[in-house]
Amino acid sequence: MRHLLDILDLTTEEIDELVLTAQDMMAHPEKYEDSCRHKTLATLFFEPSTRTRLSFESAMISLGGSVIGFSDPGSCSSVKGESLADTVEVVSGYVDIIAMRHPKEGAPYVAISRSLVPLINAGDGGHYHPTQTLADLLTIRKEKGRFENLTVGFCGDLKYGRTVHSLIHAMSRYKGTKYVLVSPKELALPDFVRKEYIDEKNIPCEETESLEEAVGKVDILYMTRIQKERFASEEEYLRHAGVYVLDEEKMKLAREDMIVMHPLPRVDEIAVGVDADRRACYFEQTRCGKYMRMALILKLLKEKEQSDVSRKKGVPVTGNYSCGNPHCVCGTERGLSSSFYRDERGVVRCYWCDGEAGK
Ligand code: CP
């Protein structure tokens with residue numbers, strides 16, 4: 001069975017196909033209005049969402065299907081102590097496909113161990129958010145006409161910004177990609193993305209703490225929110241809140257054909273005055289999200305009967321290792337055994353969250 005947990009689960013050719021299908025769906029929605037008749041999507045959202053959940057639901061309805069689910073974990077039996085694995089096995093007996101968001105990193109890997117139907121990761125903690133990346137890629141294709149030879153600037157919370165991690169996984173495959181990373185040192189890109197997907201691939205990458213310095217160098221400026229919900233305390237969050245604000249003055253430093261992207265929601269990192277700038281693409285990005293999710297639902301349902309072609313992580317290792325990531329699902333899911341793998345550089349990582357393992 002086919003799932004989508006990480007954008008790397010899709011080949012470059014499959015991404016191109018999804019983009020083409022989504023563009024056709026945008027142009028000719030009537031062709032697809034019965035594609036999922038008698039099919040049901042479950043949206044299991046253990047964390048708040050506006051765009052991702054509602055665009056999944058809108059996507060399934062536009063394909064002629066139905067939707068069940070919850071948007072508040074307080075309304076499902078996890079509050080009575082039911083494990084994630086049990087919840088997913090039960091729900092997968094009622095529906096044809098599941099989209100799940102969970103605050104714990106690696107939760108989708110637990111979910112697929114018991115799901116009877118295809119499962120889509122709609123965001124797991126500060127780890128990955130592959131369907132946001134599909135929305136981002138369609139936006140880039142529409143606005144820039146290509147994925148190759150682009151300099152992408154990422155600004156803000158690169159440590160917990162799961163949309164950044166997934167988009168880097170995707171863009172690092174394309175010829176001529178360059179990065180400019182803008183963040184405070186404490187919110188820099190984590191090793192599990194930086195080492196394997198930038199350094200190992202020898203992708204040119206500049207780092208700076210200054211947005212002013214970066215804005216004129218990039219084709220795409222990907223702004224992100226400081227992820228308040230991932231910090232250990234309010235005090236720690238407040239140290240970084242409001243650190244970057246893209247406003248009309250800074251836009252004057254940017255190229256005429258640069259585009260501004262943001263996965264949204266924004267807090268204060270893009271001034272409202274920038275919305276009227278023709279280079280602001282973040283609301284277009286939300287529209288692209290619906291069509292890419294339509295294309296993905298259709299693809300996974302068509303491929304449901306195929307054998308598992310999900311990407312395998314490294315080489316499994318045994319030994320006295322431990323996961324030190326406080327956000328990992330292994331710390332909360334009952335009965336979950338520790339599991340580790342060795343990556344291409346020889347680093348031992350937690351199978352669930354990809355964090356570096358300790359001894
Ligand atoms: N971009 C995104 O994931 O938005 P939501 O949290 O509103 O789903």
# chains A, B, ... in the order shown; residues from 1 in each chain; ligands from 1
$ residues_near_ligand --ligand "ligand 1" --cutoff "12 Å" --atoms "only C-alpha atoms and all ligand atoms" --output "ChimeraX atom specification"
/A:43,45-57,71,99-103,121-126,128-136,161-164,166,223-225,227,229,261-266,282-283,285-290
$ residues_around --residues "stretch 145-157 of chain A" --least-positions-apart "6" --cutoff "7 Å" --atoms "only C-alpha atoms" --output "list of chain:residue names"
A:Tyr174, A:Lys175, A:Gly176, A:Thr177, A:Lys178, A:Tyr179, A:Val180, A:Leu181, A:Val182, A:Ser183, A:Leu187, A:Val218, A:Asp219, A:Ile220, A:Leu221, A:Tyr222, A:Met223, A:Thr224, A:Arg225, A:Ile226, A:Gln227, A:Tyr244
$ write_last_selection --atoms "C-alpha atoms" --output "CSV table (one decimal), in the first residue's frame"
chain,number,residue,atom,x,y,z
A,174,TYR,CA,16.9,19.9,-8.6
A,175,LYS,CA,19.9,21.1,-10.7
A,176,GLY,CA,21.2,24.5,-9.8
A,177,THR,CA,19.4,24.9,-6.4
A,178,LYS,CA,21.0,27.3,-4.0
A,179,TYR,CA,19.9,28.2,-0.5
A,180,VAL,CA,20.2,31.3,1.7
A,181,LEU,CA,19.2,30.5,5.3
A,182,VAL,CA,18.1,33.3,7.6
A,183,SER,CA,17.5,32.6,11.3
A,187,LEU,CA,16.6,28.3,15.4
A,218,VAL,CA,17.0,35.1,-3.8
A,219,ASP,CA,14.4,34.1,-6.4
A,220,ILE,CA,12.1,32.8,-3.8
A,221,LEU,CA,11.8,34.2,-0.2
A,222,TYR,CA,10.1,31.6,2.0
A,223,MET,CA,9.0,33.3,5.2
A,224,THR,CA,8.0,31.3,8.2
A,225,ARG,CA,6.3,31.9,11.6
A,226,ILE,CA,8.2,31.4,14.8
A,227,GLN,CA,6.5,28.1,15.9
A,244,TYR,CA,12.0,39.1,11.3
$ atom_distance --atom1 "atom CA of A:Val329" --atom2 "atom CA of A:Phe192"
16.7 Å
$ residues_around --residues "A:Cys323" --least-positions-apart "4" --cutoff "12 Å" --atoms "only C-alpha atoms" --output "ChimeraX atom specification"
/A:105-106,327-331,337-341,348-359
$ write_last_selection --atoms "N, CA and C atoms" --output "PDB file, in the first residue's frame"
ATOM      1  N   GLU A 105       6.656  13.981  16.630  1.00  0.00           N
ATOM      2  CA  GLU A 105       7.476  13.707  15.448  1.00  0.00           C
ATOM      3  C   GLU A 105       7.610  12.195  15.250  1.00  0.00           C
ATOM      4  N   GLY A 106       7.294  11.733  14.058  1.00  0.00           N
ATOM      5  CA  GLY A 106       7.344  10.297  13.765  1.00  0.00           C
ATOM      6  C   GLY A 106       5.999   9.610  13.933  1.00  0.00           C
ATOM      7  N   HIS A 327      10.258  15.708  21.624  1.00  0.00           N
ATOM      8  CA  HIS A 327       9.057  15.808  20.789  1.00  0.00           C
ATOM      9  C   HIS A 327       8.776  14.512  20.026  1.00  0.00           C
ATOM     10  N   CYS A 328       9.602  13.483  20.223  1.00  0.00           N
ATOM     11  CA  CYS A 328       9.430  12.242  19.443  1.00  0.00           C
ATOM     12  C   CYS A 328       8.251  11.429  19.957  1.00  0.00           C
ATOM     13  N   VAL A 329       7.564  10.783  19.033  1.00  0.00           N
ATOM     14  CA  VAL A 329       6.404   9.953  19.379  1.00  0.00           C
ATOM     15  C   VAL A 329       6.811   8.770  20.257  1.00  0.00           C
ATOM     16  N   CYS A 330       8.098   8.386  20.225  1.00  0.00           N
ATOM     17  CA  CYS A 330       8.519   7.221  21.015  1.00  0.00           C
ATOM     18  C   CYS A 330       8.401   7.491  22.518  1.00  0.00           C
ATOM     19  N   GLY A 331       8.318   8.762  22.902  1.00  0.00           N
ATOM     20  CA  GLY A 331       8.185   9.082  24.328  1.00  0.00           C
ATOM     21  C   GLY A 331       6.768   8.962  24.845  1.00  0.00           C
ATOM     22  N   SER A 337       8.313   0.084  20.386  1.00  0.00           N
ATOM     23  CA  SER A 337       9.699  -0.272  20.700  1.00  0.00           C
ATOM     24  C   SER A 337      10.639   0.764  20.094  1.00  0.00           C
ATOM     25  N   SER A 338      11.757   0.991  20.764  1.00  0.00           N
ATOM     26  CA  SER A 338      12.781   1.892  20.214  1.00  0.00           C
ATOM     27  C   SER A 338      13.314   1.266  18.938  1.00  0.00           C
ATOM     28  N   SER A 339      13.648   2.094  17.990  1.00  0.00           N
ATOM     29  CA  SER A 339      14.118   1.581  16.715  1.00  0.00           C
ATOM     30  C   SER A 339      15.090   2.605  16.129  1.00  0.00           C
ATOM     31  N   PHE A 340      16.197   2.119  15.603  1.00  0.00           N
ATOM     32  CA  PHE A 340      17.236   3.037  15.119  1.00  0.00           C
ATOM     33  C   PHE A 340      17.770   2.576  13.769  1.00  0.00           C
ATOM     34  N   TYR A 341      18.309   3.525  13.007  1.00  0.00           N
ATOM     35  CA  TYR A 341      18.927   3.174  11.725  1.00  0.00           C
ATOM     36  C   TYR A 341      20.206   3.988  11.554  1.00  0.00           C
ATOM     37  N   VAL A 348      23.815   7.256  13.634  1.00  0.00           N
ATOM     38  CA  VAL A 348      22.676   6.452  14.087  1.00  0.00           C
ATOM     39  C   VAL A 348      21.547   7.402  14.493  1.00  0.00           C
ATOM     40  N   ARG A 349      20.349   7.136  13.933  1.00  0.00           N
ATOM     41  CA  ARG A 349      19.199   8.026  14.160  1.00  0.00           C
ATOM     42  C   ARG A 349      17.996   7.230  14.634  1.00  0.00           C
ATOM     43  N   CYS A 350      17.097   7.922  15.337  1.00  0.00           N
ATOM     44  CA  CYS A 350      15.830   7.318  15.753  1.00  0.00           C
ATOM     45  C   CYS A 350      14.997   7.056  14.491  1.00  0.00           C
ATOM     46  N   TYR A 351      14.449   5.861  14.376  1.00  0.00           N
ATOM     47  CA  TYR A 351      13.638   5.527  13.193  1.00  0.00           C
ATOM     48  C   TYR A 351      12.410   6.418  13.102  1.00  0.00           C
ATOM     49  N   TRP A 352      11.840   6.808  14.248  1.00  0.00           N
ATOM     50  CA  TRP A 352      10.564   7.530  14.238  1.00  0.00           C
ATOM     51  C   TRP A 352      10.747   8.998  13.866  1.00  0.00           C
ATOM     52  N   CYS A 353      11.698   9.691  14.527  1.00  0.00           N
ATOM     53  CA  CYS A 353      11.781  11.156  14.345  1.00  0.00           C
ATOM     54  C   CYS A 353      13.019  11.601  13.584  1.00  0.00           C
ATOM     55  N   ASP A 354      13.958  10.674  13.277  1.00  0.00           N
ATOM     56  CA  ASP A 354      15.214  10.966  12.556  1.00  0.00           C
ATOM     57  C   ASP A 354      16.216  11.759  13.385  1.00  0.00           C
ATOM     58  N   GLY A 355      15.917  11.979  14.662  1.00  0.00           N
ATOM     59  CA  GLY A 355      16.871  12.691  15.523  1.00  0.00           C
ATOM     60  C   GLY A 355      18.089  11.810  15.790  1.00  0.00           C
ATOM     61  N   GLU A 356      19.248  12.454  16.027  1.00  0.00           N
ATOM     62  CA  GLU A 356      20.474  11.698  16.285  1.00  0.00           C
ATOM     63  C   GLU A 356      20.328  10.933  17.606  1.00  0.00           C
ATOM     64  N   ALA A 357      20.714   9.646  17.582  1.00  0.00           N
ATOM     65  CA  ALA A 357      20.547   8.809  18.785  1.00  0.00           C
ATOM     66  C   ALA A 357      21.727   9.000  19.733  1.00  0.00           C
ATOM     67  N   GLY A 358      21.457   8.836  21.018  1.00  0.00           N
ATOM     68  CA  GLY A 358      22.533   8.849  22.009  1.00  0.00           C
ATOM     69  C   GLY A 358      22.756   7.447  22.532  1.00  0.00           C
ATOM     70  N   LYS A 359      23.787   7.273  23.321  1.00  0.00           N
ATOM     71  CA  LYS A 359      24.105   5.942  23.898  1.00  0.00           C
ATOM     72  C   LYS A 359      23.698   5.938  25.356  1.00  0.00           C
TER      73      LYS A 359
END
$ atom_distance --atom1 "atom CA of A:His28" --atom2 "atom CA of A:Leu5"
28.5 Å
$ residues_around --residues "A:Arg345" --least-positions-apart "6" --cutoff "10 Å" --atoms "only C-alpha atoms" --output "NGL selection string"
:A and (195-196 or 200 or 314)
$ closest_residue --among "A:Thr21, A:Ser322, A:Gly74, A:Glu236" --to "A:Arg293" --atoms "only C-alpha atoms"
A:Thr21
$ atom_distance --atom1 "atom CA of A:Met1" --atom2 "atom CA of A:Ser77"
26.5 Å
$ residues_around --residues "A:Ala188" --least-positions-apart "3" --cutoff "6 Å" --atoms "only C-alpha atoms" --output "JSON list (two decimals) with C-alpha atoms, in the first residue's frame"
[["chain", "number", "residue", "atom", "x", "y", "z"],
["A", 158, "LEU", "CA", 14.15, 26.84, 10.52],
["A", 159, "LYS", "CA", 14.51, 24.51, 13.51],
["A", 183, "SER", "CA", 17.53, 32.57, 11.27],
["A", 185, "LYS", "CA", 21.50, 30.64, 15.63]]
$ residues_around --residues "A:Ile98" --least-positions-apart "4" --cutoff "9 Å" --atoms "only C-alpha atoms" --output "list of chain:residue names"
A:Thr40, A:Leu41, A:Ala42, A:Thr43, A:Leu44, A:Val88, A:Val91, A:Ser92, A:Ser115, A:Val117, A:Pro118, A:Leu119, A:Ile120, A:Asn121
$ write_last_selection --atoms "C-alpha atoms" --output "PDB file, in the first residue's frame"
ATOM      1  CA  THR A  40     -14.418   8.398   2.205  1.00  0.00           C
ATOM      2  CA  LEU A  41     -11.524  10.404   3.620  1.00  0.00           C
ATOM      3  CA  ALA A  42     -10.879  10.599   7.391  1.00  0.00           C
ATOM      4  CA  THR A  43      -9.185  13.758   8.652  1.00  0.00           C
ATOM      5  CA  LEU A  44      -7.597  12.977  12.038  1.00  0.00           C
ATOM      6  CA  VAL A  88      -5.684   4.527  13.377  1.00  0.00           C
ATOM      7  CA  VAL A  91     -10.630   4.452  11.764  1.00  0.00           C
ATOM      8  CA  SER A  92      -8.953   2.742   8.824  1.00  0.00           C
ATOM      9  CA  SER A 115      -3.448   1.446   9.011  1.00  0.00           C
ATOM     10  CA  VAL A 117      -5.676   2.197   4.075  1.00  0.00           C
ATOM     11  CA  PRO A 118      -3.296   4.808   2.579  1.00  0.00           C
ATOM     12  CA  LEU A 119      -2.229   7.449   5.094  1.00  0.00           C
ATOM     13  CA  ILE A 120      -1.067  10.989   4.376  1.00  0.00           C
ATOM     14  CA  ASN A 121       1.082  12.917   6.835  1.00  0.00           C
TER      15      ASN A 121
END
$ residues_around --residues "A:Arg255" --least-positions-apart "2" --cutoff "9 Å" --atoms "only C-alpha atoms" --output "count of residues only"
11
$ closest_residue --among "A:Ser66, A:Glu213, A:Leu238, A:Glu284" --to "A:Leu137" --atoms "only C-alpha atoms"
A:Glu284
$ decode --residues "stretch 317-328 of chain A" --atoms "N, CA and C atoms" --output "PDB file, in the first residue's frame"
ATOM      1  N   VAL A 317      19.773  -0.713  12.956  1.00  0.00           N
ATOM      2  CA  VAL A 317      20.861  -1.093  13.872  1.00  0.00           C
ATOM      3  C   VAL A 317      20.271  -1.469  15.222  1.00  0.00           C
ATOM      4  N   THR A 318      20.968  -2.374  15.912  1.00  0.00           N
ATOM      5  CA  THR A 318      20.564  -2.712  17.280  1.00  0.00           C
ATOM      6  C   THR A 318      21.668  -2.223  18.197  1.00  0.00           C
ATOM      7  N   GLY A 319      21.416  -2.172  19.473  1.00  0.00           N
ATOM      8  CA  GLY A 319      22.436  -1.704  20.416  1.00  0.00           C
ATOM      9  C   GLY A 319      21.777  -0.832  21.454  1.00  0.00           C
ATOM     10  N   ASN A 320      22.589  -0.341  22.337  1.00  0.00           N
ATOM     11  CA  ASN A 320      22.069   0.385  23.483  1.00  0.00           C
ATOM     12  C   ASN A 320      21.907   1.877  23.166  1.00  0.00           C
ATOM     13  N   TYR A 321      21.039   2.187  22.189  1.00  0.00           N
ATOM     14  CA  TYR A 321      20.844   3.577  21.786  1.00  0.00           C
ATOM     15  C   TYR A 321      19.578   4.137  22.436  1.00  0.00           C
ATOM     16  N   SER A 322      19.506   5.473  22.491  1.00  0.00           N
ATOM     17  CA  SER A 322      18.269   6.096  22.991  1.00  0.00           C
ATOM     18  C   SER A 322      17.986   7.351  22.175  1.00  0.00           C
ATOM     19  N   CYS A 323      16.701   7.716  22.110  1.00  0.00           N
ATOM     20  CA  CYS A 323      16.299   8.933  21.402  1.00  0.00           C
ATOM     21  C   CYS A 323      16.162  10.050  22.427  1.00  0.00           C
ATOM     22  N   GLY A 324      16.882  11.129  22.209  1.00  0.00           N
ATOM     23  CA  GLY A 324      16.844  12.223  23.185  1.00  0.00           C
ATOM     24  C   GLY A 324      15.883  13.333  22.797  1.00  0.00           C
ATOM     25  N   ASN A 325      15.071  13.118  21.743  1.00  0.00           N
ATOM     26  CA  ASN A 325      14.176  14.188  21.262  1.00  0.00           C
ATOM     27  C   ASN A 325      12.892  14.216  22.093  1.00  0.00           C
ATOM     28  N   PRO A 326      12.669  15.283  22.871  1.00  0.00           N
ATOM     29  CA  PRO A 326      11.469  15.315  23.723  1.00  0.00           C
ATOM     30  C   PRO A 326      10.174  15.379  22.926  1.00  0.00           C
ATOM     31  N   HIS A 327      10.258  15.708  21.624  1.00  0.00           N
ATOM     32  CA  HIS A 327       9.057  15.808  20.789  1.00  0.00           C
ATOM     33  C   HIS A 327       8.776  14.512  20.026  1.00  0.00           C
ATOM     34  N   CYS A 328       9.602  13.483  20.223  1.00  0.00           N
ATOM     35  CA  CYS A 328       9.430  12.242  19.443  1.00  0.00           C
ATOM     36  C   CYS A 328       8.251  11.429  19.957  1.00  0.00           C
TER      37      CYS A 328
END
